[in-house]
Structures are given as C-alpha cells and as structure tokens.
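Colleague: mmCIF, C-alpha atoms, saved as work.cif, coming up:
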data_protein
loop_
_atom_site.group_PDB
_atom_site.id
_atom_site.type_symbol
_atom_site.label_atom_id
_atom_site.label_comp_id
_atom_site.auth_asym_id
_atom_site.auth_seq_id
_atom_site.Cartn_x
_atom_site.Cartn_y
_atom_site.Cartn_z
ATOM 1 C CA MET A 1 24.657 -58.529 139.180
ATOM 2 C CA ASP A 2 27.750 -59.452 137.179
ATOM 3 C CA ARG A 3 27.261 -62.104 134.529
ATOM 4 C CA PRO A 4 29.391 -65.215 135.140
ATOM 5 C CA PRO A 5 32.227 -65.741 132.657
ATOM 6 C CA ALA A 6 31.388 -67.910 129.664
ATOM 7 C CA ALA A 7 33.363 -70.816 128.285
ATOM 8 C CA ARG A 8 35.682 -69.914 125.409
ATOM 9 C CA VAL A 9 37.027 -72.122 122.626
ATOM 10 C CA THR A 10 40.186 -71.175 120.728
ATOM 11 C CA LEU A 11 40.807 -72.673 117.279
ATOM 12 C CA LEU A 12 43.279 -70.190 115.768
ATOM 13 C CA ASP A 13 46.866 -71.369 116.252
ATOM 14 C CA GLY A 14 45.625 -74.553 117.909
ATOM 15 C CA PHE A 15 42.800 -75.941 120.003
ATOM 16 C CA ALA A 16 42.236 -74.699 123.544
ATOM 17 C CA LEU A 17 39.283 -74.584 125.893
ATOM 18 C CA ASP A 18 38.745 -72.034 128.665
ATOM 19 C CA LEU A 19 36.216 -73.055 131.304
ATOM 20 C CA PRO A 20 35.221 -70.745 134.148
ATOM 21 C CA GLY A 21 37.230 -71.670 137.220
ATOM 22 C CA ARG A 22 39.467 -74.112 135.375
ATOM 23 C CA PRO A 23 43.065 -73.611 134.186
ATOM 24 C CA ARG A 24 43.060 -73.224 130.393
ATOM 25 C CA ARG A 25 45.682 -75.908 129.830
ATOM 26 C CA SER A 26 43.939 -78.361 132.146
ATOM 27 C CA ALA A 27 40.565 -78.044 130.425
ATOM 28 C CA GLY A 28 42.029 -78.658 126.975
ATOM 29 C CA ALA A 29 44.278 -81.482 128.131
ATOM 30 C CA ASP A 30 41.296 -83.322 129.585
ATOM 31 C CA LEU A 31 39.719 -83.666 126.154
ATOM 32 C CA PRO A 32 40.836 -86.584 123.951
ATOM 33 C CA PRO A 33 41.500 -85.765 120.275
ATOM 34 C CA ALA A 34 38.114 -87.118 119.163
ATOM 35 C CA VAL A 35 36.350 -84.837 121.640
ATOM 36 C CA GLN A 36 38.420 -81.848 120.549
ATOM 37 C CA ARG A 37 37.387 -82.535 116.958
ATOM 38 C CA LEU A 38 33.737 -82.694 118.031
ATOM 39 C CA VAL A 39 33.974 -79.320 119.790
ATOM 40 C CA ALA A 40 35.859 -77.775 116.866
ATOM 41 C CA HIS A 41 33.279 -78.991 114.352
ATOM 42 C CA LEU A 42 30.442 -77.531 116.413
ATOM 43 C CA CYS A 43 32.320 -74.218 116.570
ATOM 44 C CA LEU A 44 32.570 -74.127 112.779
ATOM 45 C CA SER A 45 29.002 -75.194 112.022
ATOM 46 C CA SER A 46 25.662 -73.876 113.188
ATOM 47 C CA ARG A 47 23.442 -76.798 114.141
ATOM 48 C CA PRO A 48 24.583 -79.984 112.361
ATOM 49 C CA ALA A 49 22.447 -83.088 112.195
ATOM 50 C CA ARG A 50 23.857 -85.944 114.234
ATOM 51 C CA GLY A 51 24.244 -88.173 111.181
ATOM 52 C CA ALA A 52 26.155 -85.555 109.172
ATOM 53 C CA LEU A 53 28.372 -84.744 112.174
ATOM 54 C CA ALA A 54 29.202 -88.396 112.821
ATOM 55 C CA GLY A 55 30.009 -88.897 109.142
ATOM 56 C CA ASP A 56 32.358 -85.893 109.087
ATOM 57 C CA LEU A 57 34.205 -86.906 112.246
ATOM 58 C CA TRP A 58 34.473 -90.648 111.562
ATOM 59 C CA PRO A 59 34.280 -90.965 107.752
ATOM 60 C CA GLU A 60 36.214 -94.233 107.533
ATOM 61 C CA VAL A 61 33.954 -96.382 109.721
ATOM 62 C CA PRO A 62 30.443 -97.819 109.274
ATOM 63 C CA GLU A 63 27.565 -95.475 110.118
ATOM 64 C CA GLU A 64 26.532 -97.382 113.250
ATOM 65 C CA HIS A 65 30.104 -97.285 114.559
ATOM 66 C CA ALA A 66 30.352 -93.538 113.810
ATOM 67 C CA HIS A 67 27.160 -92.858 115.775
ATOM 68 C CA GLY A 68 28.525 -94.880 118.686
ATOM 69 C CA SER A 69 31.742 -92.872 118.619
ATOM 70 C CA LEU A 70 29.726 -89.652 118.629
ATOM 71 C CA ARG A 71 27.751 -90.748 121.698
ATOM 72 C CA SER A 72 30.985 -91.676 123.454
ATOM 73 C CA ALA A 73 32.594 -88.327 122.604
ATOM 74 C CA LEU A 74 29.546 -86.449 123.906
ATOM 75 C CA TRP A 75 29.643 -88.407 127.165
ATOM 76 C CA ARG A 76 33.348 -87.643 127.632
ATOM 77 C CA LEU A 77 32.810 -83.963 126.842
ATOM 78 C CA ASN A 78 29.966 -83.679 129.319
ATOM 79 C CA LYS A 79 32.201 -85.089 132.070
ATOM 80 C CA VAL A 80 34.758 -82.314 131.541
ATOM 81 C CA ALA A 81 32.566 -79.426 130.345
ATOM 82 C CA PRO A 82 28.930 -79.997 131.297
ATOM 83 C CA GLY A 83 26.572 -77.697 129.434
ATOM 84 C CA LEU A 84 29.037 -76.807 126.680
ATOM 85 C CA VAL A 85 26.884 -78.576 124.084
ATOM 86 C CA ARG A 86 23.094 -78.565 123.747
ATOM 87 C CA ALA A 87 21.719 -81.780 122.287
ATOM 88 C CA SER A 88 18.372 -82.667 120.764
ATOM 89 C CA ALA A 89 17.222 -85.921 119.226
ATOM 90 C CA SER A 90 18.501 -84.926 115.798
ATOM 91 C CA THR A 91 20.967 -82.008 116.163
ATOM 92 C CA LEU A 92 23.799 -80.670 118.318
ATOM 93 C CA ARG A 93 24.977 -77.123 118.948
ATOM 94 C CA LEU A 94 27.215 -75.162 121.271
ATOM 95 C CA ALA A 95 25.557 -73.441 124.199
ATOM 96 C CA ALA A 96 24.562 -69.912 123.211
ATOM 97 C CA ASP A 97 27.000 -68.157 125.559
ATOM 98 C CA VAL A 98 30.148 -70.026 124.457
ATOM 99 C CA ARG A 99 32.721 -67.660 122.929
ATOM 100 C CA VAL A 100 34.671 -68.853 119.876
ATOM 101 C CA ASP A 101 37.662 -66.972 118.459
ATOM 102 C CA VAL A 102 36.760 -67.928 114.875
ATOM 103 C CA ARG A 103 33.354 -66.315 115.315
ATOM 104 C CA ASP A 104 35.066 -63.200 116.666
ATOM 105 C CA LEU A 105 37.222 -63.191 113.531
ATOM 106 C CA ASP A 106 34.145 -63.564 111.327
ATOM 107 C CA ASP A 107 32.390 -60.683 113.107
ATOM 108 C CA TRP A 108 35.425 -58.407 112.822
ATOM 109 C CA ALA A 109 35.966 -59.242 109.150
ATOM 110 C CA ARG A 110 32.363 -58.608 108.160
ATOM 111 C CA ARG A 111 32.364 -55.248 109.948
ATOM 112 C CA ALA A 112 35.608 -54.375 108.170
ATOM 113 C CA ILE A 113 34.293 -55.259 104.739
ATOM 114 C CA THR A 114 30.893 -53.550 105.150
ATOM 115 C CA PRO A 115 31.017 -50.567 102.748
ATOM 116 C CA SER A 116 28.744 -48.384 104.914
ATOM 117 C CA GLY A 117 31.025 -48.557 107.927
ATOM 118 C CA GLY A 118 33.434 -45.784 108.851
ATOM 119 C CA ALA A 119 36.960 -45.988 110.195
ATOM 120 C CA GLY A 120 35.864 -45.166 113.728
ATOM 121 C CA ASP A 121 34.289 -48.541 114.378
ATOM 122 C CA VAL A 122 37.024 -50.773 113.020
ATOM 123 C CA ALA A 123 40.743 -51.332 113.472
ATOM 124 C CA ALA A 124 43.361 -53.953 112.761
ATOM 125 C CA PRO A 125 42.445 -57.166 114.590
ATOM 126 C CA ASP A 126 44.047 -58.420 117.751
ATOM 127 C CA GLY A 127 47.088 -60.565 116.993
ATOM 128 C CA ALA A 128 45.246 -63.593 118.361
ATOM 129 C CA LEU A 129 42.932 -63.444 115.336
ATOM 130 C CA LEU A 130 45.773 -63.685 112.823
ATOM 131 C CA GLY A 131 46.687 -67.340 113.418
ATOM 132 C CA ASP A 132 45.876 -70.263 111.138
ATOM 133 C CA LEU A 133 42.859 -72.402 111.865
ATOM 134 C CA LEU A 134 43.810 -75.603 113.704
ATOM 135 C CA PRO A 135 47.322 -76.053 112.233
ATOM 136 C CA GLY A 136 48.210 -79.712 111.834
ATOM 137 C CA TRP A 137 44.578 -80.807 111.401
ATOM 138 C CA TYR A 138 43.856 -82.220 107.935
ATOM 139 C CA ASP A 139 40.173 -83.157 108.040
ATOM 140 C CA ASP A 140 38.359 -82.017 104.894
ATOM 141 C CA TRP A 141 35.982 -79.815 106.892
ATOM 142 C CA VAL A 142 38.953 -78.087 108.547
ATOM 143 C CA LEU A 143 40.837 -77.530 105.278
ATOM 144 C CA LEU A 144 37.805 -75.927 103.620
ATOM 145 C CA GLU A 145 37.138 -73.634 106.552
ATOM 146 C CA ARG A 146 40.827 -72.748 106.905
ATOM 147 C CA GLU A 147 40.954 -71.490 103.323
ATOM 148 C CA ARG A 148 37.653 -69.608 103.683
ATOM 149 C CA LEU A 149 38.929 -67.823 106.783
ATOM 150 C CA ARG A 150 42.271 -67.054 105.152
ATOM 151 C CA GLN A 151 40.599 -65.349 102.203
ATOM 152 C CA LEU A 152 38.085 -63.519 104.400
ATOM 153 C CA ARG A 153 40.833 -62.206 106.686
ATOM 154 C CA LEU A 154 42.951 -60.989 103.740
ATOM 155 C CA GLN A 155 40.010 -59.122 102.233
ATOM 156 C CA ALA A 156 39.173 -57.605 105.615
ATOM 157 C CA LEU A 157 42.741 -56.510 106.355
ATOM 158 C CA GLU A 158 42.923 -54.721 103.016
ATOM 159 C CA ALA A 159 39.520 -53.097 103.572
ATOM 160 C CA VAL A 160 40.517 -51.940 107.058
ATOM 161 C CA ALA A 161 43.790 -50.520 105.763
ATOM 162 C CA VAL A 162 41.972 -48.534 103.053
ATOM 163 C CA ARG A 163 39.414 -47.125 105.495
ATOM 164 C CA LEU A 164 42.011 -46.216 108.110
ATOM 165 C CA ALA A 165 44.176 -44.488 105.514
ATOM 166 C CA ALA A 166 41.180 -42.529 104.250
ATOM 167 C CA ALA A 167 40.672 -41.320 107.830
ATOM 168 C CA GLY A 168 44.312 -40.217 108.059
ATOM 169 C CA ARG A 169 45.279 -43.033 110.432
ATOM 170 C CA HIS A 170 48.225 -44.069 108.294
ATOM 171 C CA GLY A 171 50.229 -45.922 110.947
ATOM 172 C CA GLU A 172 47.319 -48.239 111.765
ATOM 173 C CA ALA A 173 46.577 -48.581 108.070
ATOM 174 C CA LEU A 174 50.118 -49.771 107.362
ATOM 175 C CA GLU A 175 49.915 -52.289 110.210
ATOM 176 C CA ALA A 176 46.793 -53.815 108.685
ATOM 177 C CA ALA A 177 48.201 -53.801 105.153
ATOM 178 C CA HIS A 178 51.491 -55.370 106.236
ATOM 179 C CA ALA A 179 49.569 -58.066 108.114
ATOM 180 C CA ALA A 180 47.917 -58.971 104.796
ATOM 181 C CA VAL A 181 51.306 -59.009 103.035
ATOM 182 C CA ARG A 182 52.820 -61.259 105.704
ATOM 183 C CA ALA A 183 49.896 -63.643 105.406
ATOM 184 C CA GLU A 184 50.266 -63.872 101.617
ATOM 185 C CA PRO A 185 53.500 -62.327 100.264
ATOM 186 C CA LEU A 186 52.482 -62.846 96.616
ATOM 187 C CA ARG A 187 49.094 -61.134 96.946
ATOM 188 C CA GLU A 188 49.325 -58.071 94.710
ATOM 189 C CA SER A 189 46.233 -56.323 96.048
ATOM 190 C CA ALA A 190 47.779 -56.215 99.529
ATOM 191 C CA HIS A 191 50.995 -54.719 98.155
ATOM 192 C CA ARG A 192 48.987 -52.145 96.198
ATOM 193 C CA VAL A 193 47.347 -51.000 99.401
ATOM 194 C CA VAL A 194 50.740 -50.636 101.093
ATOM 195 C CA VAL A 195 52.075 -48.593 98.166
ATOM 196 C CA GLY A 196 48.937 -46.442 98.214
ATOM 197 C CA ILE A 197 49.311 -45.640 101.898
ATOM 198 C CA HIS A 198 52.899 -44.500 101.383
ATOM 199 C CA LEU A 199 51.823 -42.290 98.484
ATOM 200 C CA ALA A 200 48.947 -40.849 100.526
ATOM 201 C CA GLN A 201 51.547 -39.796 103.095
ATOM 202 C CA GLY A 202 53.760 -38.294 100.400
ATOM 203 C CA ASN A 203 56.456 -40.940 100.934
ATOM 204 C CA VAL A 204 57.269 -41.562 97.273
ATOM 205 C CA ALA A 205 60.596 -43.266 97.981
ATOM 206 C CA GLU A 206 58.896 -45.733 100.338
ATOM 207 C CA ALA A 207 56.215 -46.396 97.739
ATOM 208 C CA VAL A 208 58.807 -47.123 95.030
ATOM 209 C CA ARG A 209 60.802 -49.321 97.386
ATOM 210 C CA ALA A 210 57.674 -51.308 98.232
ATOM 211 C CA TYR A 211 56.842 -51.679 94.549
ATOM 212 C CA GLU A 212 60.346 -52.906 93.748
ATOM 213 C CA VAL A 213 60.392 -55.388 96.616
ATOM 214 C CA PHE A 214 57.135 -56.874 95.361
ATOM 215 C CA ARG A 215 58.357 -56.900 91.751
ATOM 216 C CA THR A 216 61.493 -58.807 92.783
ATOM 217 C CA VAL A 217 59.584 -61.338 94.884
ATOM 218 C CA LEU A 218 57.073 -61.900 92.090
ATOM 219 C CA ALA A 219 59.809 -62.394 89.497
ATOM 220 C CA ASP A 220 61.746 -64.785 91.742
ATOM 221 C CA GLU A 221 58.727 -66.861 92.742
ATOM 222 C CA LEU A 222 56.515 -66.841 89.644
ATOM 223 C CA GLY A 223 58.628 -65.359 86.853
ATOM 224 C CA VAL A 224 56.056 -62.670 86.076
ATOM 225 C CA LEU A 225 55.806 -58.886 86.394
ATOM 226 C CA PRO A 226 53.363 -56.854 88.486
ATOM 227 C CA SER A 227 50.129 -55.993 86.736
ATOM 228 C CA ALA A 228 49.630 -52.728 84.885
ATOM 229 C CA LEU A 229 47.302 -51.699 87.706
ATOM 230 C CA MET A 230 50.175 -52.007 90.187
ATOM 231 C CA THR A 231 52.757 -50.368 87.958
ATOM 232 C CA ARG A 232 50.548 -47.339 87.210
ATOM 233 C CA LEU A 233 50.662 -46.410 90.879
ATOM 234 C CA VAL A 234 54.334 -45.459 90.634
ATOM 235 C CA SER A 235 54.725 -44.891 86.882
ATOM 236 C CA HIS A 236 54.757 -41.108 87.453
ATOM 237 C CA VAL A 237 58.112 -41.454 89.254
ATOM 238 C CA PRO A 238 60.923 -40.672 86.720
ATOM 239 C CA ARG A 239 63.070 -43.589 87.846
ATOM 240 C CA VAL A 240 60.224 -46.068 87.353
ATOM 241 C CA ARG A 241 59.205 -44.437 84.066
ATOM 242 C CA ARG A 242 62.744 -44.812 82.680
ATOM 243 C CA ALA A 243 62.787 -48.475 83.689
ATOM 244 C CA LEU A 244 59.461 -49.036 81.912
ATOM 245 C CA GLU A 245 60.764 -47.332 78.794
ATOM 246 C CA ARG A 246 63.839 -49.584 78.795
ATOM 247 C CA GLN A 247 61.561 -52.576 79.222
ATOM 248 C CA ARG A 248 59.373 -51.552 76.277
ATOM 249 C CA ALA A 249 62.489 -51.021 74.171
ATOM 250 C CA GLY A 250 63.503 -54.626 74.839
ATOM 251 C CA ARG A 251 66.381 -53.871 77.156
ATOM 252 C CA PRO A 252 66.653 -55.487 80.584
ATOM 253 C CA HIS A 253 63.859 -54.171 82.749
ATOM 254 C CA GLY A 254 64.054 -53.091 86.337
ATOM 255 C CA CYS A 255 64.623 -49.986 88.359
ATOM 256 C CA ASP A 256 67.900 -49.050 89.922
ATOM 257 C CA PRO A 257 68.666 -51.421 92.744
ATOM 258 C CA VAL A 258 67.426 -50.566 96.205
ATOM 259 C CA PRO A 259 68.150 -52.233 99.521
ATOM 260 C CA HIS A 260 65.465 -54.804 100.261
ATOM 261 C CA ARG A 261 63.292 -54.457 103.322
ATOM 262 C CA SER A 262 60.415 -56.452 104.651
ATOM 263 C CA ALA A 263 57.741 -56.926 102.002
ATOM 264 C CA GLY A 264 55.232 -54.130 102.005
ATOM 265 C CA SER A 265 54.790 -50.630 100.614
ATOM 266 C CA ALA A 266 52.144 -49.043 98.436
ATOM 267 C CA PRO A 267 49.817 -47.497 95.646
ATOM 268 C CA ARG A 268 48.696 -44.011 94.628
ATOM 269 C CA GLY A 269 45.143 -43.681 95.867
ATOM 270 C CA VAL A 270 44.946 -46.175 98.679
ATOM 271 C CA GLY A 271 42.784 -49.096 97.706
ATOM 272 C CA ALA A 272 42.927 -48.349 94.019
ATOM 273 C CA GLY A 273 42.020 -51.504 92.172
ATOM 274 C CA ARG A 274 42.063 -54.188 94.825
ATOM 275 C CA GLY A 275 41.869 -57.747 93.539
#
Output the structure of this file as structure tokens.
Modeller:
Amino acid sequence: MDRPPAARVTLLDGFALDLPGRPRRSAGADLPPAVQRLVAHLCLSSRPARGALAGDLWPEVPEEHAHGSLRSALWRLNKVAPGLVRASASTLRLAADVRVDVRDLDDWARRAITPSGGAGDVAAPDGALLGDLLPGWYDDWVLLERERLRQLRLQALEAVAVRLAAAGRHGEALEAAHAAVRAEPLRESAHRVVVGIHLAQGNVAEAVRAYEVFRTVLADELGVLPSALMTRLVSHVPRVRRALERQRAGRPHGCDPVPHRSAGSAPRGVGAGRG
C-alpha cells in the first residue's frame, strides 16, 4: 500500500508549507507570521523546551506573555495543519514524517563532506537547496543558522567538486565549484577548486583566466593578492611566471590582460589546499 504524502516545510528562499491535499500557497498563507516563526524554529531545532522556545520567539515580552503567545500560536497551527507538531508537557517537536528542505541540505552536505564516500553517491545539489535561509528574517536564531548553513554548503560544494573531478566527471565538478564561487565570490578555496578542474582537463588557458579573474576581484574588493597556495597552481605557466618576476622586481604586477568572464576557474591538482 502506498504511503500517504507527508507535509513538507520549505525555509530556503522563503517560508512555505506543503500539506497533503492542500495548495502550497494556501497552506502557507493561512499561517500568521508568529505561527510561521514557530514552525521554522521547530524545523531548525530538535526538541526545544517550551520555555526556551517561547523566549526565542517572543524575547521582548514578559515570560508569562511569551508562554501565552506560544499557546495561541500552537492553537492556530493546529487549526490549519493538525498533527504537524507533537507536543508534550515540556517540549515540542515536528511530527517524524515532516520533510524539511534544510534537513535535506544538511543530509546532502554531510554525505558530500564524508571522506570515505565516493563520487557515485553524491552530486551537485538541486537548485532548490542553494537558496538563503529565510531571507528577510532577522531573529538571532535565524541569523546564526543562516551563517552555519552557508558555511556548510560552501564546504560541501567544494568537496563534491573535488570528488567529481577525481572521478573524471569534470562538467558536474565545475557546476558545483561555480556554485560555491557564486555564493561567495571572494572565497579563494572555491576559486582554487575551479582552477584545479580546468588544469585536470588540460585547459591551461581557462585555468589562467580563472586565476586572473579572481586576482582582479580580490584586488578591487580587498586590495590584496591571492595567496601563494593559489598562485603556485598556475606559476608553471610562462606568462604567469613572468608577471611574478616583474612583481618581485618591484615593477607593476599582473599578467597580460584577458577578457573577463564569470568568476570561476581553477588549480593544478583539484582540491589542492582548500581553506
């Protein structure tokens, strides 16, 4: 017998609630902001105590008022989505079968980062997992989790790119590495992975172009040069070597100009020195 569809909560790129048999937009629209925040908090925590949950959601009001607001939010939620939350005298949690996109992201990222895994069981994530957590929400508990997820996703994208490249799946590897670059254009480790993939394919010109794009962005934004770890990836290329020699001699540094393209391109030895 087929298992009935489970409820699904979306937090990446905004809050949404899918309930079996209900239009997605309707289910989310029926939840007031305070109830959305309650659901979101439960998605991002395991089994919070009622007192801690009320304090997080209503930090500016007296404790008794916060507990009253929590009871009201639970009542409203149960009217729209009965069974979504399991309550005990002291704790609350989501029902076990509720799907949450953030948890899917966590699962994917931890599989990607696991050193023992091979390339066969992992790939670049679905685009739906690349959005920011609850944009426009500024609660402290959201801001902390947003940054944690951002860092976890960047590390996982780089790890996936390295593993895919090692398996010869260079196109998929570049997709993952460029996703990391788009998410954080000043992140050198992501650019190193891009450069490395190009070099692994024998595309030296692409690797140098990627290096130069990153060097220009870094100089414009922060006024610094790429690290020695990054530069060593392409220092065997005569054009780059001449530029480094001019730099060491005190003359203006920089390689011959190249047309700029979208940020991304790579290192020798994919994954060499990721930071």
Colleague: May I ask which of the residues A:Arg169, A:Arg215, A:His41, A:Arg146 is the closest one to Asp132 (chain A), counting all atoms listed in the file?
Modeller: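 Closest candidate: A:Arg146.
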Colleague: Using the chain letters and numbers from the file, give me the residues hit by the PyMOL selection byres ((chain A and resi 46) around 12), as JSON, numbers by chain.
Modeller: {"A": [39, 40, 41, 42, 43, 44, 45, 47, 48, 49, 53, 85, 86, 91, 92, 93, 94, 95, 96, 103]}
Colleague: List the residues matched by the PyMOL selection byres ((chain A and resi 130) around 9) in the displayed structure as a ChimeraX atom specification, ordered by chain and then by residue number.
Modeller: /A:12-13,105,125-129,131-132,153,179,183
Colleague: Using the chain letters and numbers from the file, give me the residues hit by the PyMOL selection byres ((chain A and resi 68-72) around 10), as a list in words.
Modeller: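 Taken over the shown coordinates, the PyMOL selection byres ((chain A and resi 68-72) around 10) returns Ala34, Val35, Leu38, Arg50, Gly51, Leu53, Ala54, Gly55, Leu57, Trp58, Val61, Glu63, Glu64, His65, Ala66, His67, Ala73, Leu74, Trp75, Arg76, Leu77 and Asn78 of chain A.
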Colleague: For Leu133 (chain A), which of A:Thr114, A:Ser90, A:Thr10, A:Ser189 is the closest residue, counting all atoms listed in the file?
Modeller: A:Thr10
Colleague: Can you measure CA of Ala7 (chain A) to CA of Pro82 (chain A) for me? One decimal in Å is fine.
Modeller: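 Spanning CA of Ala7 (chain A) to CA of Pro82 (chain A) is a straight-line distance of 10.6 Å.
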Colleague: Of the candidates A:Glu245, A:Asp18, A:Asp139, A:Glu188, which one gets nearest to Asp101 (chain A) if we count only C-alpha atoms?
Modeller: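 Of A:Glu245, A:Asp18, A:Asp139, A:Glu188, the one nearest Asp101 (chain A) is A:Asp18, counting only C-alpha atoms.
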Colleague: Find the distance between CA of Ala200 (chain A) and CA of Thr231 (chain A) and write it in Å to one decimal.
Modeller: 16.2 Å
Colleague: Work out how far apart CA of Phe15 (chain A) and CA of Pro33 (chain A) are and give it in Å to one decimal.
Modeller: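 One can read the CA of Phe15 (chain A) to CA of Pro33 (chain A) distance as 9.9 Å.
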Colleague: Taking all atoms listed in the file into account, which of A:Val142, A:Pro135, A:His170, A:Ala159 comes nearest Arg37 (chain A)?
Modeller: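 The closest residue to Arg37 (chain A) is A:Val142.
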Colleague: Which residue, A:Leu154, A:Ala228, A:Ala190, A:Ile197, has the smallest gap to Ala173 (chain A) when you use all atoms listed in the file?
Modeller: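 Smallest distance to Ala173 (chain A) is found for A:Ile197.
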Colleague: From the options A:Pro185, A:Gly14, A:Gly168, A:Pro20, which residue's atoms come nearest to Arg99 (chain A), counting all atoms listed in the file?
Modeller: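 Among the listed residues, the smallest separation from Arg99 (chain A) belongs to A:Pro20.
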Colleague: Got a sec: who's within 8 Å of Ala176 (chain A), counting all atoms listed in the file, leaving out chain neighbours fewer than 5 positions off, as a ChimeraX atom specification?
Modeller: /A:124,157-158,160-161
Colleague: Go ahead and write the residues just picked, C-alpha atoms, as a PDB file, keeping the file's coordinate frame.
Modeller:
ATOM      1  CA  ALA A 124      43.361 -53.953 112.761  1.00  0.00           C
ATOM      2  CA  LEU A 157      42.741 -56.510 106.355  1.00  0.00           C
ATOM      3  CA  GLU A 158      42.923 -54.721 103.016  1.00  0.00           C
ATOM      4  CA  VAL A 160      40.517 -51.940 107.058  1.00  0.00           C
ATOM      5  CA  ALA A 161      43.790 -50.520 105.763  1.00  0.00           C
TER       6      ALA A 161
END
Colleague: Place N, CA and C atoms on region 199-210 of chain A and deliver the coordinates as a short mmCIF file (atom, residue, chain, number, x, y, z; two decimals), in the coordinates of the input.
Modeller:
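Final output, part.cif:
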data_model
loop_
_atom_site.label_atom_id
_atom_site.label_comp_id
_atom_site.auth_asym_id
_atom_site.auth_seq_id
_atom_site.Cartn_x
_atom_site.Cartn_y
_atom_site.Cartn_z
N LEU A 199 52.05 -43.43 99.37
CA LEU A 199 51.82 -42.29 98.48
C LEU A 199 50.88 -41.28 99.13
N ALA A 200 49.87 -41.76 99.85
CA ALA A 200 48.95 -40.85 100.53
C ALA A 200 49.67 -40.00 101.57
N GLN A 201 50.74 -40.54 102.12
CA GLN A 201 51.55 -39.80 103.10
C GLN A 201 52.61 -38.92 102.42
N GLY A 202 52.73 -39.04 101.11
CA GLY A 202 53.76 -38.29 100.40
C GLY A 202 55.12 -38.95 100.44
N ASN A 203 55.19 -40.21 100.84
CA ASN A 203 56.46 -40.94 100.93
C ASN A 203 56.71 -41.71 99.63
N VAL A 204 57.10 -40.96 98.59
CA VAL A 204 57.27 -41.56 97.27
C VAL A 204 58.38 -42.61 97.28
N ALA A 205 59.48 -42.32 97.95
CA ALA A 205 60.60 -43.27 97.98
C ALA A 205 60.17 -44.59 98.62
N GLU A 206 59.39 -44.51 99.71
CA GLU A 206 58.90 -45.73 100.34
C GLU A 206 57.97 -46.49 99.40
N ALA A 207 57.14 -45.76 98.68
CA ALA A 207 56.22 -46.40 97.74
C ALA A 207 56.98 -47.13 96.65
N VAL A 208 58.02 -46.48 96.08
CA VAL A 208 58.81 -47.12 95.03
C VAL A 208 59.55 -48.33 95.59
N ARG A 209 60.09 -48.19 96.78
CA ARG A 209 60.80 -49.32 97.39
C ARG A 209 59.85 -50.51 97.57
N ALA A 210 58.65 -50.23 98.04
CA ALA A 210 57.67 -51.31 98.23
C ALA A 210 57.31 -51.97 96.90
#
